[in-house]
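What follows is one structure encoded as structure tokens, with my remarks underneath.
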Amino acid sequence: MKQGKDAALLSITGLRRAFYGLEVLRGVDLTVRGGSITGLIGPNGAGKTTLFNVVSGLVPPDSGSIRFDGHELAGAAPEVISAAGLVRTFQVARGFPKLSVFQHLMLYGRHQPGEGLLPALLGTAATRRREAQLAERAFEIARLLNLERVIDNPASALSGGQKKLLEIGRALMAEPRLVLLDEPTAGVNPVLKAEIAQHLRALPARGISVLLIEHDMRFIGELCDPVIVMAEGQVLAEGTFDTVRADARVREAYMGVRA
Ligand SMILES: Nc1ncnc2c1ncn2[C@@H]1O[C@H](COP(=O)(O)OP(=O)(O)OP(=O)(O)O)[C@@H](O)[C@H]1O
Ligand SMILES: [Mg+2]
């Protein structure tokens with residue numbers, strides 16, 4: 001079957017997850033179209049990061065379905081999910097401070113099933129070829145994200161914004177079809193924010209769709225279509241940024257008033 005640009009790449013239905021008896025995801029239903037930059041917004045504690053944790057395999061769901069590109073991924077291990085082409089970043093950047101930008105990118109590019117230790121140790125021709133391809137990809141992504149100048153610097157020496165870019169670069173190294181970005185511009189200055197938006201805008205044309213969580217409404221409005229609103233563990237509204245912004249239920253959710 002032909003996968004059109006508008007086909008659902010990710011379809012989540014009835015996704016539930018509780019912690020200590022408290023339901024944080026209360027039957028989430030949502031779809032991400034291939035080729036889209038979809039925004040995910042909602043008040044603090046709505047369950048957005050938890051949704052990413054469940055979809056990326058970090059936390060298993062209690063029930064529900066996560067179909068990605070025709071595969072059922074609910075409850076699958078993180079490596080299986082990222083190997084299927086679904087990769088996430090973290091709200092608080094993770095990494096290894098002493099490794100350089102280049103080493104970081106290479107590490108996450110290599111972190112794929114089938115990259116056994118033995119072939120690497122034996123240094124076969126195929127392994128060397130793969131390493132060369134990875135290095136090329138690392139440079140390409142560093143260029144794409146304006147990290148080329150600092151590619152040999154340790155991650156700890158990067159600015160806050162550059163760390164955010166490295167986090168995005170890391171996700172891109174895994175050759176994803178969909179990236180889940182958790183607040184990619186939190187704590188980043190407006191100039192760099194605009195730059196990140198520009199980088200993200202270029203991804204769908206490279207075959208990478210985006211689902212991103214952000215609290216900065218201007219950023220969401222300029223970049224995302226559609227925008228999905230979560231509140232209290234469920235999807236409350238979906239539509240263009242202007243539609244959801246005008247939605248009375250969305251306003252109530254942000255005011256902390258129960259409908
Ligand atoms: N591992 C866990 N154990 C217990 N409670 C959890 C766990 N993970 C998330 N929660 C709870 O789930 C709720 C939703 O948290 P989550 O981080 O998903 O919200 P969020 O929408 O990402 O909020 P924010 O915009 O502030 O990042 C919170 O009340 C949180 O305490
Ligand atoms: Mg969060």
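Going through the structure tokens in order, the chains are called A, B, and so on, while each chain numbers its residues from 1 and the ligands are numbered from 1 in the order shown.
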Discussion item. Applying 9 Å and only C-alpha atoms, which residues near segment 145-157 of chain A remain after dropping the ones on its own chain fewer than 5 positions away? List them as a PyMOL selection string.
Written reply: chain A and resi 95-104+139-140+162-163+165-166+168-169+195-196+199
Discussion item. For ligand 2, return the neighbouring residues as a PyMOL selection string (distance at most 9 Å; only C-alpha atoms and all ligand atoms).
Written reply: chain A and resi 44-50+52+90-91+182-183+213-214
12 Å contact set for segment 15-25 of chain A, only C-alpha atoms, chain neighbours under 3 positions out, as an mmCIF file with N, CA and C atoms, in the first residue's frame:
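Written output follows (part-v3.cif):
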```
data_model
loop_
_atom_site.group_PDB
_atom_site.id
_atom_site.type_symbol
_atom_site.label_atom_id
_atom_site.label_comp_id
_atom_site.auth_asym_id
_atom_site.auth_seq_id
_atom_site.Cartn_x
_atom_site.Cartn_y
_atom_site.Cartn_z
ATOM 1 N N SER A 11 -0.173 5.899 15.514
ATOM 2 C CA SER A 11 -1.570 5.918 15.981
ATOM 3 C C SER A 11 -1.619 5.336 17.383
ATOM 4 N N ILE A 12 -2.036 6.159 18.314
ATOM 5 C CA ILE A 12 -2.135 5.728 19.708
ATOM 6 C C ILE A 12 -3.615 5.637 20.056
ATOM 7 N N VAL A 28 -5.368 7.751 26.233
ATOM 8 C CA VAL A 28 -4.917 8.741 25.245
ATOM 9 C C VAL A 28 -5.148 8.194 23.832
ATOM 10 N N ASP A 29 -5.796 8.976 22.992
ATOM 11 C CA ASP A 29 -5.991 8.662 21.576
ATOM 12 C C ASP A 29 -5.383 9.794 20.762
ATOM 13 N N LEU A 30 -4.406 9.476 19.927
ATOM 14 C CA LEU A 30 -3.898 10.516 19.034
ATOM 15 C C LEU A 30 -3.180 9.911 17.837
ATOM 16 N N GLY A 45 2.106 18.736 34.275
ATOM 17 C CA GLY A 45 1.507 17.556 34.893
ATOM 18 C C GLY A 45 0.408 16.898 34.076
ATOM 19 N N ALA A 46 0.198 17.371 32.843
ATOM 20 C CA ALA A 46 -0.881 16.827 32.000
ATOM 21 C C ALA A 46 -0.610 15.377 31.586
ATOM 22 N N GLY A 47 0.678 14.991 31.599
ATOM 23 C CA GLY A 47 1.027 13.626 31.195
ATOM 24 C C GLY A 47 1.797 13.560 29.888
ATOM 25 N N LYS A 48 2.289 14.698 29.412
ATOM 26 C CA LYS A 48 2.972 14.752 28.117
ATOM 27 C C LYS A 48 4.267 13.932 28.126
ATOM 28 N N THR A 49 5.125 14.197 29.109
ATOM 29 C CA THR A 49 6.396 13.461 29.182
ATOM 30 C C THR A 49 6.124 11.978 29.454
ATOM 31 N N THR A 50 5.131 11.694 30.275
ATOM 32 C CA THR A 50 4.779 10.295 30.536
ATOM 33 C C THR A 50 4.366 9.610 29.237
ATOM 34 N N LEU A 51 3.625 10.319 28.403
ATOM 35 C CA LEU A 51 3.241 9.757 27.105
ATOM 36 C C LEU A 51 4.490 9.405 26.301
ATOM 37 N N PHE A 52 5.473 10.328 26.265
ATOM 38 C CA PHE A 52 6.728 10.054 25.560
ATOM 39 C C PHE A 52 7.447 8.849 26.190
ATOM 40 N N ASN A 53 7.422 8.781 27.527
ATOM 41 C CA ASN A 53 8.089 7.660 28.207
ATOM 42 C C ASN A 53 7.467 6.326 27.813
ATOM 43 N N VAL A 54 6.146 6.312 27.679
ATOM 44 C CA VAL A 54 5.460 5.072 27.322
ATOM 45 C C VAL A 54 5.697 4.752 25.846
ATOM 46 N N VAL A 55 5.572 5.760 24.994
ATOM 47 C CA VAL A 55 5.725 5.522 23.554
ATOM 48 C C VAL A 55 7.153 5.083 23.228
ATOM 49 N N VAL A 59 8.683 3.244 29.879
ATOM 50 C CA VAL A 59 7.668 2.853 30.857
ATOM 51 C C VAL A 59 6.607 2.048 30.100
ATOM 52 N N PRO A 60 6.329 0.808 30.517
ATOM 53 C CA PRO A 60 5.300 0.046 29.787
ATOM 54 C C PRO A 60 3.892 0.578 30.078
ATOM 55 N N PRO A 61 3.007 0.528 29.090
ATOM 56 C CA PRO A 61 1.632 0.967 29.340
ATOM 57 C C PRO A 61 0.870 -0.104 30.121
ATOM 58 N N ASP A 62 -0.178 0.295 30.821
ATOM 59 C CA ASP A 62 -1.068 -0.687 31.454
ATOM 60 C C ASP A 62 -1.963 -1.313 30.396
ATOM 61 N N SER A 63 -2.397 -0.500 29.439
ATOM 62 C CA SER A 63 -3.187 -1.018 28.322
ATOM 63 C C SER A 63 -3.170 0.010 27.202
ATOM 64 N N GLY A 64 -3.634 -0.420 26.040
ATOM 65 C CA GLY A 64 -3.705 0.481 24.894
ATOM 66 C C GLY A 64 -2.778 0.050 23.781
ATOM 67 N N SER A 65 -2.899 0.724 22.662
ATOM 68 C CA SER A 65 -2.158 0.345 21.463
ATOM 69 C C SER A 65 -1.310 1.513 20.958
ATOM 70 N N ILE A 66 -0.096 1.179 20.504
ATOM 71 C CA ILE A 66 0.798 2.162 19.880
ATOM 72 C C ILE A 66 1.217 1.571 18.547
ATOM 73 N N ARG A 67 0.586 2.006 17.480
ATOM 74 C CA ARG A 67 0.956 1.494 16.162
ATOM 75 C C ARG A 67 1.850 2.501 15.469
ATOM 76 N N LEU A 73 3.783 -1.426 18.860
ATOM 77 C CA LEU A 73 4.979 -1.221 19.683
ATOM 78 C C LEU A 73 4.681 -1.090 21.171
ATOM 79 N N ALA A 74 3.413 -1.187 21.556
ATOM 80 C CA ALA A 74 3.069 -1.032 22.977
ATOM 81 C C ALA A 74 3.793 -2.093 23.792
ATOM 82 N N GLY A 75 4.579 -1.651 24.779
ATOM 83 C CA GLY A 75 5.277 -2.574 25.667
ATOM 84 C C GLY A 75 6.598 -3.088 25.114
ATOM 85 N N MET A 230 -3.172 18.207 25.558
ATOM 86 C CA MET A 230 -3.452 17.211 26.597
ATOM 87 C C MET A 230 -3.774 17.904 27.902
ATOM 88 N N ALA A 231 -4.697 17.331 28.651
ATOM 89 C CA ALA A 231 -4.960 17.804 30.008
ATOM 90 C C ALA A 231 -5.430 16.621 30.824
ATOM 91 N N GLU A 232 -4.920 16.509 32.032
ATOM 92 C CA GLU A 232 -5.308 15.445 32.953
ATOM 93 C C GLU A 232 -5.314 14.068 32.298
ATOM 94 N N GLY A 233 -4.251 13.794 31.530
ATOM 95 C CA GLY A 233 -4.054 12.444 31.016
ATOM 96 C C GLY A 233 -4.881 12.055 29.812
ATOM 97 N N GLN A 234 -5.512 13.038 29.174
ATOM 98 C CA GLN A 234 -6.276 12.742 27.963
ATOM 99 C C GLN A 234 -6.075 13.839 26.934
ATOM 100 N N VAL A 235 -6.399 13.517 25.680
ATOM 101 C CA VAL A 235 -6.367 14.547 24.640
ATOM 102 C C VAL A 235 -7.648 15.359 24.750
#
```
Discussion item. Give me the residues near Ala135 of chain A as a ChimeraX atom specification, where near means some atom within 12 Å (using only C-alpha atoms) and where sequence neighbours in that chain fewer than 2 positions away do not count.
Written reply: /A:101-110,128-133,137-142,151,173
Let me see the file: selected residues, N, CA and C atoms, as a compact mmCIF listing (two decimals), in the first residue's frame.
```txt
# COMPACT_ATOMS: atom_id res chain seq x y z
N VAL A 101 31.42 16.46 21.03
CA VAL A 101 30.20 16.47 20.23
C VAL A 101 30.25 15.32 19.21
N PHE A 102 31.40 15.21 18.55
CA PHE A 102 31.57 14.16 17.54
C PHE A 102 31.40 12.77 18.16
N GLN A 103 32.05 12.57 19.30
CA GLN A 103 31.95 11.26 19.97
C GLN A 103 30.52 10.94 20.38
N HIS A 104 29.80 11.96 20.86
CA HIS A 104 28.40 11.78 21.22
C HIS A 104 27.59 11.28 20.03
N LEU A 105 27.77 11.98 18.92
CA LEU A 105 26.99 11.65 17.73
C LEU A 105 27.32 10.24 17.26
N MET A 106 28.61 9.91 17.25
CA MET A 106 29.03 8.57 16.82
C MET A 106 28.45 7.50 17.75
N LEU A 107 28.46 7.80 19.05
CA LEU A 107 27.97 6.83 20.03
C LEU A 107 26.51 6.49 19.77
N TYR A 108 25.70 7.52 19.52
CA TYR A 108 24.28 7.25 19.35
C TYR A 108 23.97 6.70 17.98
N GLY A 109 24.81 6.98 17.01
CA GLY A 109 24.64 6.37 15.70
C GLY A 109 24.94 4.89 15.76
N ARG A 110 25.92 4.53 16.57
CA ARG A 110 26.36 3.15 16.68
C ARG A 110 25.41 2.32 17.52
N ARG A 128 34.55 -1.09 9.16
CA ARG A 128 35.24 0.18 8.86
C ARG A 128 34.40 1.05 7.93
N ARG A 129 33.73 0.39 6.98
CA ARG A 129 32.89 1.14 6.04
C ARG A 129 31.74 1.80 6.81
N ARG A 130 31.15 1.02 7.71
CA ARG A 130 30.03 1.52 8.52
C ARG A 130 30.48 2.70 9.38
N GLU A 131 31.68 2.59 9.97
CA GLU A 131 32.21 3.68 10.80
C GLU A 131 32.40 4.94 9.96
N ALA A 132 32.90 4.75 8.74
CA ALA A 132 33.13 5.90 7.87
C ALA A 132 31.80 6.57 7.51
N GLN A 133 30.79 5.75 7.27
CA GLN A 133 29.46 6.30 6.96
C GLN A 133 28.91 7.07 8.15
N ARG A 137 27.90 11.00 8.53
CA ARG A 137 26.57 11.40 8.98
C ARG A 137 26.68 12.34 10.19
N ALA A 138 27.64 12.06 11.08
CA ALA A 138 27.85 12.91 12.25
C ALA A 138 28.21 14.34 11.81
N PHE A 139 29.10 14.44 10.81
CA PHE A 139 29.49 15.76 10.31
C PHE A 139 28.31 16.45 9.64
N GLU A 140 27.51 15.67 8.90
CA GLU A 140 26.36 16.24 8.20
C GLU A 140 25.36 16.82 9.21
N ILE A 141 25.13 16.06 10.28
CA ILE A 141 24.16 16.51 11.29
C ILE A 141 24.72 17.71 12.06
N ALA A 142 26.02 17.68 12.35
CA ALA A 142 26.66 18.81 13.03
C ALA A 142 26.52 20.07 12.17
N ILE A 151 32.55 20.86 17.11
CA ILE A 151 32.41 19.40 17.01
C ILE A 151 33.45 18.63 17.84
N MET A 173 20.86 11.00 14.65
CA MET A 173 21.88 10.01 14.26
C MET A 173 21.27 8.61 14.11
```
Discussion item. One number please: atom CA of Gly187 of chain A to atom CA of Leu172 of chain A, in Å, one decimal.
Written reply: 21.2 Å
Worksheet entry | Which of segment 44-257 of chain A fall in strand (DSSP E), as JSON, numbers by chain | {"A": [63, 64, 65, 66, 67, 68, 71, 72, 86, 87, 88, 178, 179, 180, 181, 182, 209, 210, 211, 212, 213, 227, 228, 229, 230, 231, 234, 235, 236, 237, 238, 239]}
Please produce a file of those selected residues containing N, CA and C atoms, as a JSON list (two decimals), in the first residue's frame.
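Result file part_32.json:
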```
[["chain", "number", "residue", "atom", "x", "y", "z"],
["A", 63, "SER", "N", -2.40, -0.50, 29.44],
["A", 63, "SER", "CA", -3.19, -1.02, 28.32],
["A", 63, "SER", "C", -3.17, 0.01, 27.20],
["A", 64, "GLY", "N", -3.63, -0.42, 26.04],
["A", 64, "GLY", "CA", -3.70, 0.48, 24.89],
["A", 64, "GLY", "C", -2.78, 0.05, 23.78],
["A", 65, "SER", "N", -2.90, 0.72, 22.66],
["A", 65, "SER", "CA", -2.16, 0.34, 21.46],
["A", 65, "SER", "C", -1.31, 1.51, 20.96],
["A", 66, "ILE", "N", -0.10, 1.18, 20.50],
["A", 66, "ILE", "CA", 0.80, 2.16, 19.88],
["A", 66, "ILE", "C", 1.22, 1.57, 18.55],
["A", 67, "ARG", "N", 0.59, 2.01, 17.48],
["A", 67, "ARG", "CA", 0.96, 1.49, 16.16],
["A", 67, "ARG", "C", 1.85, 2.50, 15.47],
["A", 68, "PHE", "N", 3.03, 2.03, 15.06],
["A", 68, "PHE", "CA", 3.97, 2.90, 14.38],
["A", 68, "PHE", "C", 4.35, 2.27, 13.07],
["A", 71, "HIS", "N", 3.53, -1.31, 12.75],
["A", 71, "HIS", "CA", 3.94, -2.27, 13.80],
["A", 71, "HIS", "C", 3.32, -1.89, 15.14],
["A", 72, "GLU", "N", 2.92, -2.91, 15.90],
["A", 72, "GLU", "CA", 2.43, -2.66, 17.25],
["A", 72, "GLU", "C", 3.63, -2.57, 18.19],
["A", 86, "LEU", "N", 11.62, 5.16, 15.69],
["A", 86, "LEU", "CA", 10.93, 6.11, 16.58],
["A", 86, "LEU", "C", 11.88, 6.46, 17.72],
["A", 87, "VAL", "N", 12.35, 7.70, 17.73],
["A", 87, "VAL", "CA", 13.42, 8.10, 18.64],
["A", 87, "VAL", "C", 13.02, 9.33, 19.43],
["A", 88, "ARG", "N", 13.38, 9.38, 20.71],
["A", 88, "ARG", "CA", 12.98, 10.53, 21.53],
["A", 88, "ARG", "C", 14.18, 11.26, 22.14],
["A", 178, "LEU", "N", 10.42, 9.20, 12.94],
["A", 178, "LEU", "CA", 9.68, 10.12, 13.81],
["A", 178, "LEU", "C", 10.53, 10.44, 15.02],
["A", 179, "VAL", "N", 10.70, 11.74, 15.32],
["A", 179, "VAL", "CA", 11.39, 12.10, 16.56],
["A", 179, "VAL", "C", 10.39, 12.71, 17.53],
["A", 180, "LEU", "N", 10.52, 12.32, 18.79],
["A", 180, "LEU", "CA", 9.73, 12.89, 19.87],
["A", 180, "LEU", "C", 10.64, 13.84, 20.63],
["A", 181, "LEU", "N", 10.34, 15.13, 20.58],
["A", 181, "LEU", "CA", 11.22, 16.11, 21.23],
["A", 181, "LEU", "C", 10.51, 16.68, 22.44],
["A", 182, "ASP", "N", 11.11, 16.50, 23.61],
["A", 182, "ASP", "CA", 10.50, 16.99, 24.85],
["A", 182, "ASP", "C", 11.12, 18.33, 25.22],
["A", 209, "SER", "N", 9.52, 12.94, 10.51],
["A", 209, "SER", "CA", 8.37, 13.64, 11.09],
["A", 209, "SER", "C", 8.68, 13.97, 12.54],
["A", 210, "VAL", "N", 7.94, 14.92, 13.09],
["A", 210, "VAL", "CA", 8.26, 15.42, 14.43],
["A", 210, "VAL", "C", 7.00, 15.50, 15.30],
["A", 211, "LEU", "N", 7.14, 15.03, 16.55],
["A", 211, "LEU", "CA", 6.11, 15.30, 17.56],
["A", 211, "LEU", "C", 6.83, 16.00, 18.69],
["A", 212, "LEU", "N", 6.43, 17.24, 18.98],
["A", 212, "LEU", "CA", 7.21, 17.98, 19.97],
["A", 212, "LEU", "C", 6.37, 18.62, 21.05],
["A", 213, "ILE", "N", 6.88, 18.51, 22.28],
["A", 213, "ILE", "CA", 6.27, 19.13, 23.45],
["A", 213, "ILE", "C", 6.93, 20.49, 23.66],
["A", 227, "VAL", "N", -1.81, 20.97, 16.25],
["A", 227, "VAL", "CA", -1.43, 21.04, 17.65],
["A", 227, "VAL", "C", -2.42, 20.19, 18.45],
["A", 228, "ILE", "N", -1.88, 19.31, 19.31],
["A", 228, "ILE", "CA", -2.71, 18.45, 20.15],
["A", 228, "ILE", "C", -2.59, 18.96, 21.58],
["A", 229, "VAL", "N", -3.72, 19.09, 22.25],
["A", 229, "VAL", "CA", -3.71, 19.58, 23.63],
["A", 229, "VAL", "C", -4.06, 18.44, 24.56],
["A", 230, "MET", "N", -3.17, 18.21, 25.56],
["A", 230, "MET", "CA", -3.45, 17.21, 26.60],
["A", 230, "MET", "C", -3.77, 17.90, 27.90],
["A", 231, "ALA", "N", -4.70, 17.33, 28.65],
["A", 231, "ALA", "CA", -4.96, 17.80, 30.01],
["A", 231, "ALA", "C", -5.43, 16.62, 30.82],
["A", 234, "GLN", "N", -5.51, 13.04, 29.17],
["A", 234, "GLN", "CA", -6.28, 12.74, 27.96],
["A", 234, "GLN", "C", -6.08, 13.84, 26.93],
["A", 235, "VAL", "N", -6.40, 13.52, 25.68],
["A", 235, "VAL", "CA", -6.37, 14.55, 24.64],
["A", 235, "VAL", "C", -7.65, 15.36, 24.75],
["A", 236, "LEU", "N", -7.45, 16.66, 24.86],
["A", 236, "LEU", "CA", -8.58, 17.57, 25.08],
["A", 236, "LEU", "C", -9.05, 18.19, 23.77],
["A", 237, "ALA", "N", -8.10, 18.50, 22.90],
["A", 237, "ALA", "CA", -8.45, 19.18, 21.66],
["A", 237, "ALA", "C", -7.34, 18.96, 20.65],
["A", 238, "GLU", "N", -7.68, 19.09, 19.38],
["A", 238, "GLU", "CA", -6.68, 19.02, 18.32],
["A", 238, "GLU", "C", -7.12, 19.89, 17.17],
["A", 239, "GLY", "N", -6.16, 20.54, 16.53],
["A", 239, "GLY", "CA", -6.49, 21.38, 15.38],
["A", 239, "GLY", "C", -5.32, 22.29, 15.07]]
```
Discussion item. List as number ranges by chain the protein and nucleic acid residues near Asp69 of chain A, meaning an atom at most 8 Å away when only C-alpha atoms are counted, but skip any in the same chain fewer than 4 places from it.
Written reply: A: 8-10
Worksheet entry | Among the residues A:Gly42, A:Ala186, A:Leu223, A:Gly160, the one that comes closest to ligand 1 [using only C-alpha atoms and all ligand atoms] |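 Nearest candidate to ligand 1 out of A:Gly42, A:Ala186, A:Leu223, A:Gly160: A:Gly42.
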